[in-house]
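**Student:** What follows is the file entry_33.pdb, containing PDB, C-alpha atoms:
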```pdb
ATOM      1  CA  MET A   1      47.934  40.772  69.626
ATOM      2  CA  ARG A   2      48.066  43.796  67.353
ATOM      3  CA  GLY A   3      50.242  41.771  64.961
ATOM      4  CA  ILE A   4      47.668  38.989  64.787
ATOM      5  CA  ARG A   5      44.871  41.528  64.237
ATOM      6  CA  ALA A   6      46.827  43.235  61.466
ATOM      7  CA  LEU A   7      47.580  39.863  59.879
ATOM      8  CA  PHE A   8      43.871  38.956  60.032
ATOM      9  CA  VAL A   9      42.871  42.300  58.430
ATOM     10  CA  CYS A  10      45.408  41.799  55.638
ATOM     11  CA  TRP A  11      44.139  38.266  55.066
ATOM     12  CA  LEU A  12      40.506  39.478  54.975
ATOM     13  CA  PHE A  13      41.420  42.251  52.547
ATOM     14  CA  ALA A  14      43.245  39.785  50.293
ATOM     15  CA  VAL A  15      40.255  37.381  50.315
ATOM     16  CA  THR A  16      37.888  40.270  49.462
ATOM     17  CA  LEU A  17      40.056  41.347  46.541
ATOM     18  CA  GLY A  18      40.278  37.747  45.335
ATOM     19  CA  LEU A  19      36.497  37.225  45.494
ATOM     20  CA  SER A  20      35.936  40.541  43.729
ATOM     21  CA  ALA A  21      38.353  39.601  40.956
ATOM     22  CA  LEU A  22      36.730  36.152  40.642
ATOM     23  CA  ALA A  23      33.233  37.677  40.417
ATOM     24  CA  GLN A  24      34.403  40.135  37.772
ATOM     25  CA  THR A  25      35.999  37.340  35.750
ATOM     26  CA  SER A  26      32.809  35.241  36.015
ATOM     27  CA  SER A  27      30.670  38.194  34.908
ATOM     28  CA  GLN A  28      32.890  38.814  31.907
ATOM     29  CA  SER A  29      32.765  35.123  31.034
ATOM     30  CA  ASN A  30      28.943  35.099  31.252
ATOM     31  CA  GLN A  31      28.746  38.207  29.081
ATOM     32  CA  ALA A  32      31.044  36.595  26.544
ATOM     33  CA  GLN A  33      28.929  33.423  26.541
ATOM     34  CA  THR A  34      25.741  35.445  26.149
ATOM     35  CA  SER A  35      27.284  37.471  23.353
ATOM     36  CA  GLY A  36      28.515  34.279  21.714
ATOM     37  CA  SER A  37      25.077  32.666  21.959
ATOM     38  CA  SER A  38      23.458  35.759  20.495
ATOM     39  CA  ALA A  39      25.996  35.823  17.690
ATOM     40  CA  THR A  40      25.424  32.111  17.065
ATOM     41  CA  ALA A  41      21.646  32.592  16.935
ATOM     42  CA  GLN A  42      22.040  35.562  14.639
ATOM     43  CA  ALA A  43      24.397  33.620  12.392
ATOM     44  CA  SER A  44      21.951  30.693  12.364
ATOM     45  CA  SER A  45      19.120  33.035  11.420
ATOM     46  CA  GLN A  46      21.211  34.603   8.672
ATOM     47  CA  SER A  47      22.192  31.137   7.449
ATOM     48  CA  ASP A  48      18.516  30.063   7.343
ATOM     49  CA  GLN A  49      17.638  33.187   5.401
ATOM     50  CA  ALA A  50      20.531  32.549   3.035
ATOM     51  CA  GLN A  51      19.312  28.993   2.437
ATOM     52  CA  HIS A  52      15.699  30.143   1.991
ATOM     53  CA  PRO A  53      15.767  33.612   0.464
ATOM     54  CA  GLY A  54      12.061  33.305  -0.414
ATOM     55  CA  THR A  55      10.842  34.045   3.125
ATOM     56  CA  SER A  56       7.944  36.476   3.345
ATOM     57  CA  GLU A  57       5.018  37.416   5.556
ATOM     58  CA  GLY A  58       1.489  38.310   4.586
ATOM     59  CA  THR A  59      -2.232  37.700   4.928
ATOM     60  CA  VAL A  60      -4.075  34.863   3.227
ATOM     61  CA  GLU A  61      -6.634  36.159   0.719
ATOM     62  CA  SER A  62      -7.960  32.780  -0.417
ATOM     63  CA  VAL A  63      -6.929  29.162   0.058
ATOM     64  CA  GLY A  64      -7.855  25.927  -1.715
ATOM     65  CA  ARG A  65      -6.791  22.303  -1.696
ATOM     66  CA  GLN A  66      -3.564  22.967  -3.555
ATOM     67  CA  THR A  67      -3.133  26.744  -3.784
ATOM     68  CA  MET A  68      -2.992  29.810  -1.571
ATOM     69  CA  LEU A  69      -3.251  33.474  -2.581
ATOM     70  CA  VAL A  70      -1.339  35.735  -0.156
ATOM     71  CA  ARG A  71      -1.104  39.520   0.108
ATOM     72  CA  THR A  72       2.355  40.454   1.343
ATOM     73  CA  GLU A  73       3.556  43.559   3.195
ATOM     74  CA  ASP A  74       4.055  45.492  -0.045
ATOM     75  CA  ASN A  75       0.306  45.147  -0.835
ATOM     76  CA  GLN A  76       1.019  42.689  -3.672
ATOM     77  CA  SER A  77      -0.707  39.349  -4.270
ATOM     78  CA  HIS A  78       1.319  36.165  -4.746
ATOM     79  CA  LEU A  79       0.180  32.634  -5.609
ATOM     80  CA  PHE A  80       1.693  29.685  -3.728
ATOM     81  CA  ILE A  81       1.294  26.002  -4.569
ATOM     82  CA  PHE A  82       1.247  23.193  -1.991
ATOM     83  CA  ASP A  83       3.340  20.646  -3.868
ATOM     84  CA  ASN A  84       3.519  18.539  -0.698
ATOM     85  CA  PRO A  85       0.225  18.091   1.226
ATOM     86  CA  THR A  86       2.073  18.114   4.591
ATOM     87  CA  VAL A  87       3.207  21.727   4.030
ATOM     88  CA  ARG A  88      -0.285  23.150   4.562
ATOM     89  CA  PRO A  89      -0.947  23.682   8.305
ATOM     90  CA  LYS A  90      -4.304  23.062   9.942
ATOM     91  CA  GLY A  91      -6.547  26.060  10.507
ATOM     92  CA  LEU A  92      -5.332  27.928   7.441
ATOM     93  CA  THR A  93      -8.185  30.194   6.327
ATOM     94  CA  ALA A  94      -8.653  33.539   4.620
ATOM     95  CA  GLY A  95      -7.499  36.381   6.877
ATOM     96  CA  THR A  96      -4.785  34.319   8.581
ATOM     97  CA  ARG A  97      -1.434  36.041   8.909
ATOM     98  CA  ILE A  98       1.442  33.725   8.019
ATOM     99  CA  ARG A  99       5.151  33.468   7.412
ATOM    100  CA  ILE A 100       5.966  31.389   4.361
ATOM    101  CA  ILE A 101       9.201  29.945   2.995
ATOM    102  CA  SER A 102       8.994  29.202  -0.713
ATOM    103  CA  ASP A 103      10.969  28.364  -3.818
ATOM    104  CA  ALA A 104      10.563  29.793  -7.295
ATOM    105  CA  THR A 105       8.920  27.835 -10.094
ATOM    106  CA  ASP A 106       9.275  28.093 -13.848
ATOM    107  CA  GLU A 107       6.203  30.333 -13.966
ATOM    108  CA  PRO A 108       6.332  34.044 -13.031
ATOM    109  CA  GLY A 109       4.212  34.970 -10.025
ATOM    110  CA  VAL A 110       3.818  31.359  -8.858
ATOM    111  CA  ARG A 111       5.945  29.928  -6.024
ATOM    112  CA  LYS A 112       6.127  26.523  -4.353
ATOM    113  CA  ALA A 113       5.454  26.551  -0.612
ATOM    114  CA  ILE A 114       8.153  24.855   1.489
ATOM    115  CA  ARG A 115       7.076  25.816   5.021
ATOM    116  CA  VAL A 116       4.073  27.778   6.298
ATOM    117  CA  THR A 117       3.902  29.156   9.862
ATOM    118  CA  ILE A 118       0.730  30.715  11.247
ATOM    119  CA  LEU A 119       1.441  34.017  13.025
ATOM    120  CA  ASP A 120      -2.083  35.259  13.760
ATOM    121  CA  VAL A 121      -5.241  33.314  13.022
ATOM    122  CA  ALA A 122      -7.612  36.279  13.226
ATOM    123  CA  ALA A 123      -5.384  38.929  11.714
ATOM    124  CA  THR A 124      -7.161  41.624   9.690
ATOM    125  CA  PRO A 125      -5.407  44.587   8.121
ATOM    126  CA  GLN A 126      -6.374  47.808   9.938
ATOM    127  CA  SER A 127      -4.050  50.316   8.311
ATOM    128  CA  ARG A 128      -5.472  50.064   4.796
ATOM    129  CA  THR A 129      -8.970  50.769   3.593
ATOM    130  CA  ALA A 130     -10.789  48.768   0.942
ATOM    131  CA  GLN A 131      -9.771  51.342  -1.656
ATOM    132  CA  ASP A 132      -6.088  50.818  -0.796
ATOM    133  CA  MET A 133      -6.287  47.046  -1.299
ATOM    134  CA  ALA A 134      -5.420  46.285  -4.897
ATOM    135  CA  PRO A 135      -7.429  43.362  -6.306
ATOM    136  CA  PRO A 136      -5.463  40.204  -7.178
ATOM    137  CA  PRO A 137      -4.259  40.123 -10.783
ATOM    138  CA  LYS A 138      -6.594  38.257 -13.114
ATOM    139  CA  GLU A 139      -3.695  36.104 -14.296
ATOM    140  CA  LEU A 140      -3.121  34.750 -10.780
ATOM    141  CA  THR A 141      -6.794  34.094 -10.091
ATOM    142  CA  SER A 142      -7.082  32.327 -13.449
ATOM    143  CA  ILE A 143      -4.057  30.130 -12.671
ATOM    144  CA  GLN A 144      -5.442  29.385  -9.205
ATOM    145  CA  ARG A 145      -8.784  28.364 -10.692
ATOM    146  CA  ASP A 146      -7.118  26.049 -13.220
ATOM    147  CA  ILE A 147      -4.934  24.393 -10.575
ATOM    148  CA  GLU A 148      -7.864  23.860  -8.217
ATOM    149  CA  ARG A 149      -9.896  22.363 -11.057
ATOM    150  CA  GLN A 150      -7.048  19.987 -11.813
ATOM    151  CA  ALA A 151      -6.845  19.001  -8.131
ATOM    152  CA  ARG A 152     -10.513  18.012  -7.851
ATOM    153  CA  ARG A 153     -11.215  14.474  -6.659
ATOM    154  CA  TRP A 154     -13.235  13.632  -9.746
ATOM    155  CA  GLY A 155     -13.725  14.924 -13.254
ATOM    156  CA  LEU A 156     -15.349  14.083 -16.572
ATOM    157  CA  GLY A 157     -14.081  14.534 -20.111
ATOM    158  CA  PHE A 158     -14.166  13.395 -23.693
ATOM    159  CA  ARG A 159     -11.570  11.967 -26.073
ATOM    160  CA  MET A 160     -10.986  11.236 -29.727
ATOM    161  CA  GLY A 161      -8.212   9.745 -31.794
ATOM    162  CA  ALA A 162      -7.118   7.098 -34.250
ATOM    163  CA  GLY A 163      -5.949   3.504 -34.077
ATOM    164  CA  LEU A 164      -3.467   1.623 -36.227
ATOM    165  CA  ASP A 165      -3.493  -2.063 -37.137
ATOM    166  CA  PRO A 166      -6.420  -2.079 -37.740
ATOM    167  CA  GLU A 167      -7.088   1.519 -38.782
ATOM    168  CA  LEU A 168      -9.913   3.023 -36.721
ATOM    169  CA  PHE A 169     -11.294   6.392 -35.741
ATOM    170  CA  LEU A 170     -12.398   6.523 -32.100
ATOM    171  CA  ILE A 171     -14.419   8.727 -29.790
ATOM    172  CA  GLY A 172     -15.128   8.258 -26.119
ATOM    173  CA  VAL A 173     -15.671   9.612 -22.622
ATOM    174  CA  HIS A 174     -13.667   9.203 -19.444
ATOM    175  CA  ALA A 175     -13.715   9.959 -15.730
ATOM    176  CA  GLY A 176     -10.930  10.861 -13.330
ATOM    177  CA  ILE A 177     -11.211   9.741  -9.695
ATOM    178  CA  GLY A 178      -8.574  10.309  -7.076
ATOM    179  CA  PRO A 179      -6.008  10.569  -5.879
ATOM    180  CA  ILE A 180      -6.081   7.013  -4.488
ATOM    181  CA  PHE A 181      -3.388   5.400  -2.321
ATOM    182  CA  SER A 182      -0.920   8.082  -3.461
ATOM    183  CA  PRO A 183      -1.147  11.820  -4.228
ATOM    184  CA  ASP A 184      -0.128  11.043  -7.815
ATOM    185  CA  LEU A 185      -2.268   7.959  -8.576
ATOM    186  CA  TYR A 186      -5.702   8.302 -10.210
ATOM    187  CA  PHE A 187      -8.343   5.822 -11.318
ATOM    188  CA  ARG A 188      -9.347   6.728 -14.858
ATOM    189  CA  PRO A 189     -12.038   4.476 -16.380
ATOM    190  CA  ASN A 190     -13.064   5.271 -19.935
ATOM    191  CA  VAL A 191     -15.319   4.059 -22.714
ATOM    192  CA  GLU A 192     -14.275   4.149 -26.370
ATOM    193  CA  PHE A 193     -16.204   3.463 -29.535
ATOM    194  CA  ALA A 194     -14.143   3.014 -32.708
ATOM    195  CA  PHE A 195     -15.089   2.305 -36.286
ATOM    196  CA  GLY A 196     -13.228   1.770 -39.530
ATOM    197  CA  GLU A 197     -13.544   0.288 -42.976
ATOM    198  CA  LEU A 198     -13.584  -3.315 -41.778
ATOM    199  CA  THR A 199     -13.666  -3.138 -37.977
ATOM    200  CA  ASP A 200     -15.950  -1.740 -35.286
ATOM    201  CA  MET A 201     -14.975  -1.787 -31.636
ATOM    202  CA  PHE A 202     -16.522  -0.954 -28.272
ATOM    203  CA  ALA A 203     -14.052  -0.901 -25.348
ATOM    204  CA  LEU A 204     -14.469  -0.469 -21.612
ATOM    205  CA  ASN A 205     -11.048   0.351 -20.135
ATOM    206  CA  LEU A 206     -10.492   0.139 -16.367
ATOM    207  CA  GLU A 207      -7.244   2.074 -16.245
ATOM    208  CA  ALA A 208      -5.166   3.868 -13.617
ATOM    209  CA  ALA A 209      -2.765   6.746 -14.324
ATOM    210  CA  TYR A 210       0.301   7.794 -12.313
ATOM    211  CA  ARG A 211       1.707  11.322 -12.548
ATOM    212  CA  LEU A 212       5.480  11.241 -13.002
ATOM    213  CA  PRO A 213       7.274  13.463 -10.432
ATOM    214  CA  ILE A 214       9.340  15.292 -13.046
ATOM    215  CA  SER A 215       7.331  18.480 -12.542
ATOM    216  CA  PHE A 216       5.611  19.941  -9.484
ATOM    217  CA  ARG A 217       1.890  19.464  -8.921
ATOM    218  CA  GLY A 218      -0.087  22.277 -10.429
ATOM    219  CA  GLY A 219       2.527  23.060 -13.054
ATOM    220  CA  ARG A 220       1.723  24.019 -16.611
ATOM    221  CA  TRP A 221       2.033  20.393 -17.666
ATOM    222  CA  SER A 222       2.546  16.967 -16.161
ATOM    223  CA  ALA A 223       3.606  13.648 -17.677
ATOM    224  CA  TYR A 224       1.987  10.375 -16.704
ATOM    225  CA  VAL A 225       2.000   6.640 -17.375
ATOM    226  CA  GLY A 226      -0.730   4.125 -16.798
ATOM    227  CA  ALA A 227      -2.124   0.667 -17.370
ATOM    228  CA  GLY A 228      -5.226  -1.410 -16.885
ATOM    229  CA  PRO A 229      -7.418  -4.143 -18.339
ATOM    230  CA  GLY A 230      -9.482  -3.543 -21.467
ATOM    231  CA  LEU A 231     -12.812  -5.248 -22.088
ATOM    232  CA  ASN A 232     -13.157  -5.161 -25.862
ATOM    233  CA  PHE A 233     -16.072  -6.041 -28.132
ATOM    234  CA  VAL A 234     -14.948  -6.247 -31.762
ATOM    235  CA  HIS A 235     -16.816  -6.808 -35.021
ATOM    236  CA  GLN A 236     -14.938  -7.391 -38.258
ATOM    237  CA  GLY A 237     -16.399  -7.789 -41.733
ATOM    238  CA  VAL A 238     -17.881  -6.000 -44.714
ATOM    239  CA  GLY A 239     -21.421  -7.162 -44.217
ATOM    240  CA  ASN A 240     -23.985  -5.840 -41.732
ATOM    241  CA  ARG A 241     -22.857  -2.568 -40.104
ATOM    242  CA  ASP A 242     -25.661  -2.384 -37.561
ATOM    243  CA  ILE A 243     -24.482  -1.759 -33.985
ATOM    244  CA  SER A 244     -25.607  -4.933 -32.236
ATOM    245  CA  PHE A 245     -23.684  -6.786 -29.549
ATOM    246  CA  SER A 246     -24.789 -10.084 -31.106
ATOM    247  CA  ASN A 247     -22.357  -9.332 -33.946
ATOM    248  CA  PHE A 248     -19.396  -8.544 -31.684
ATOM    249  CA  ASP A 249     -16.722 -10.917 -30.394
ATOM    250  CA  TYR A 250     -15.318 -10.364 -26.906
ATOM    251  CA  GLU A 251     -11.563 -10.040 -26.237
ATOM    252  CA  THR A 252      -9.790  -9.218 -23.000
ATOM    253  CA  GLY A 253      -6.630  -7.159 -23.323
ATOM    254  CA  PHE A 254      -4.197  -5.208 -21.195
ATOM    255  CA  ASN A 255      -3.602  -1.548 -22.008
ATOM    256  CA  MET A 256      -0.458   0.473 -21.343
ATOM    257  CA  PHE A 257      -0.186   4.175 -22.098
ATOM    258  CA  THR A 258       1.817   7.327 -21.566
ATOM    259  CA  GLY A 259       0.882  10.932 -22.097
ATOM    260  CA  ILE A 260       1.099  14.555 -21.124
ATOM    261  CA  ARG A 261      -1.626  16.653 -19.524
ATOM    262  CA  PHE A 262      -1.821  20.429 -19.525
ATOM    263  CA  ARG A 263      -3.179  22.458 -16.644
ATOM    264  CA  ARG A 264      -6.150  23.830 -18.575
ATOM    265  CA  GLY A 265      -7.495  20.320 -19.094
ATOM    266  CA  THR A 266      -6.232  19.165 -22.489
ATOM    267  CA  PHE A 267      -4.137  16.011 -22.799
ATOM    268  CA  ALA A 268      -2.513  13.785 -25.416
ATOM    269  CA  GLU A 269      -1.468  10.164 -25.018
ATOM    270  CA  VAL A 270      -0.356   7.042 -26.845
ATOM    271  CA  LYS A 271      -1.814   3.651 -25.897
ATOM    272  CA  THR A 272      -0.968   0.091 -26.823
ATOM    273  CA  SER A 273      -2.905  -3.103 -26.126
ATOM    274  CA  LEU A 274      -1.582  -6.589 -25.384
ATOM    275  CA  TRP A 275      -3.218  -9.999 -25.779
ATOM    276  CA  ALA A 276      -6.088  -8.706 -27.934
ATOM    277  CA  PRO A 277      -5.247  -9.358 -31.609
ATOM    278  CA  SER A 278      -8.330  -7.615 -33.031
ATOM    279  CA  VAL A 279      -7.759  -4.410 -31.052
ATOM    280  CA  PRO A 280      -5.579  -1.644 -32.584
ATOM    281  CA  THR A 281      -1.942  -2.137 -31.687
ATOM    282  CA  VAL A 282      -1.392   1.601 -31.198
ATOM    283  CA  ARG A 283      -3.913   4.341 -30.380
ATOM    284  CA  ALA A 284      -3.136   8.085 -30.512
ATOM    285  CA  ILE A 285      -5.622  10.012 -28.390
ATOM    286  CA  VAL A 286      -6.294  13.663 -27.542
ATOM    287  CA  GLY A 287      -8.947  14.906 -25.155
ATOM    288  CA  TYR A 288     -10.167  17.364 -22.573
ATOM    289  CA  THR A 289     -11.103  17.021 -18.896
ATOM    290  CA  PHE A 290     -13.564  19.508 -17.437
TER     291      PHE A 290
END
```
Hey, can you dump this file as structure tokens for me?

**Tutor:**
Amino acid sequence: MRGIRALFVCWLFAVTLGLSALAQTSSQSNQAQTSGSSATAQASSQSDQAQHPGTSEGTVESVGRQTMLVRTEDNQSHLFIFDNPTVRPKGLTAGTRIRIISDATDEPGVRKAIRVTILDVAATPQSRTAQDMAPPPKELTSIQRDIERQARRWGLGFRMGAGLDPELFLIGVHAGIGPIFSPDLYFRPNVEFAFGELTDMFALNLEAAYRLPISFRGGRWSAYVGAGPGLNFVHQGVGNRDISFSNFDYETGFNMFTGIRFRRGTFAEVKTSLWAPSVPTVRAIVGYTF
């Protein structure tokens, strides 16, 4: 009987030691897994930061359709451009605290927003007084104003230039409406009056312009191409020079053009017309959009 009891005690002691060793092994394994997960998360975070070194946090000072002025932790103002409309989150207003991932542009002080995360909607800085808050640099506010003006849904402007074959001097006005159907497509109707030694012309051009994606929206310049029908009224001769539509012949043409527009509103383009023999073959035009 004592032998059986001793055998049972030895067996119970062996089972206890085995369970204790198993529990210790499991605990060490869990700790290793937790440590591995933490290391993986840390490595992932470091990798994300390495891929996007332009990560910063700050408070929104002002926000528009295409720009955002942010004051970062070092009490400096930075201008960000929304090159992609989907980057801007809903509820983004002045005073919102955000984390922003951005890329550099070819212009100092201006960055392109890649991802914006709202941290605190109602955040207001409490540790600095109004005297401590440096005003935004005038250069940034001027750039922001120019970009927002360029991003307006409509605009008016004037143009002037010269035509070849026949030789004409032209003046006119235009409008810009958009974007339509695409962030880079604009409807741009314009009216041109041209006169020369032998030819007078009045043209109503129903044109559309497409911004080429070779530069980011809001950049210093942007290239574009466009096309559209031209309704042309032409008078040729050396006789009566009075401006009267009874003396003009109507011709329908198709215009194609390409040009470059600068952020402050000036532009230059070259236009050609098809299927209208009395209309200048080539027109060189410069203008300004308010």

**Student:** Near range 141-146 of chain A, within 12 Å and counting all atoms listed in the file, which residues show up once chain neighbours fewer than 2 positions away are dropped, as a ChimeraX atom specification?

**Tutor:** /A:61-70,77-82,107-111,135-139,148-152,217-221,262-266,289-290

**Student:** Dig up all the protein and nucleic acid residues within 9 Å of (-4.0, 40.7, 4.9) in the file frame, using only C-alpha atoms, and format them as number ranges by chain.

**Tutor:** A: 58-61, 70-73, 75, 94-97, 123-125

**Student:** Using all atoms listed in the file, determine which residues lie at most 10 Å from Pro280 in chain A, disregarding the query and same-chain residues fewer than 6 positions distant; provide the list as JSON, numbers by chain.

**Tutor:** {"A": [162, 163, 164, 165, 166, 167, 168, 194, 199, 201, 271, 272, 273, 274]}

**Student:** Give me, please, the distance in Å between CA of Arg211 in chain A and CA of Glu192 in chain A, quoted to one decimal.

**Tutor:**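 Value for the CA of Arg211 in chain A-CA of Glu192 in chain A distance: 22.3 Å.
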
**Student:** Would you mind listing what lies within 10 Å of Pro179 in chain A as a list in words, with all atoms listed in the file counted and same-chain residues fewer than 6 positions away left out?

**Tutor:**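 Counting only the stated atoms, we get Ala151, Arg152, Arg153, Trp154, Leu185, Tyr186, Phe187, Ala209 and Tyr210 of chain A.
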
**Student:** Run the PyMOL selection byres ((chain A and resi 188) around 7) mentally over the shown coordinates, then write out the matched residues as a list in words, using the chain letters and numbers from the document.

**Tutor:**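 This file gives the following for the PyMOL selection byres ((chain A and resi 188) around 7): His174, Ala175, Gly176, Ile177, Tyr186, Phe187, Pro189, Asn190, Leu206, Glu207, Ala208 and Ala209 of chain A.
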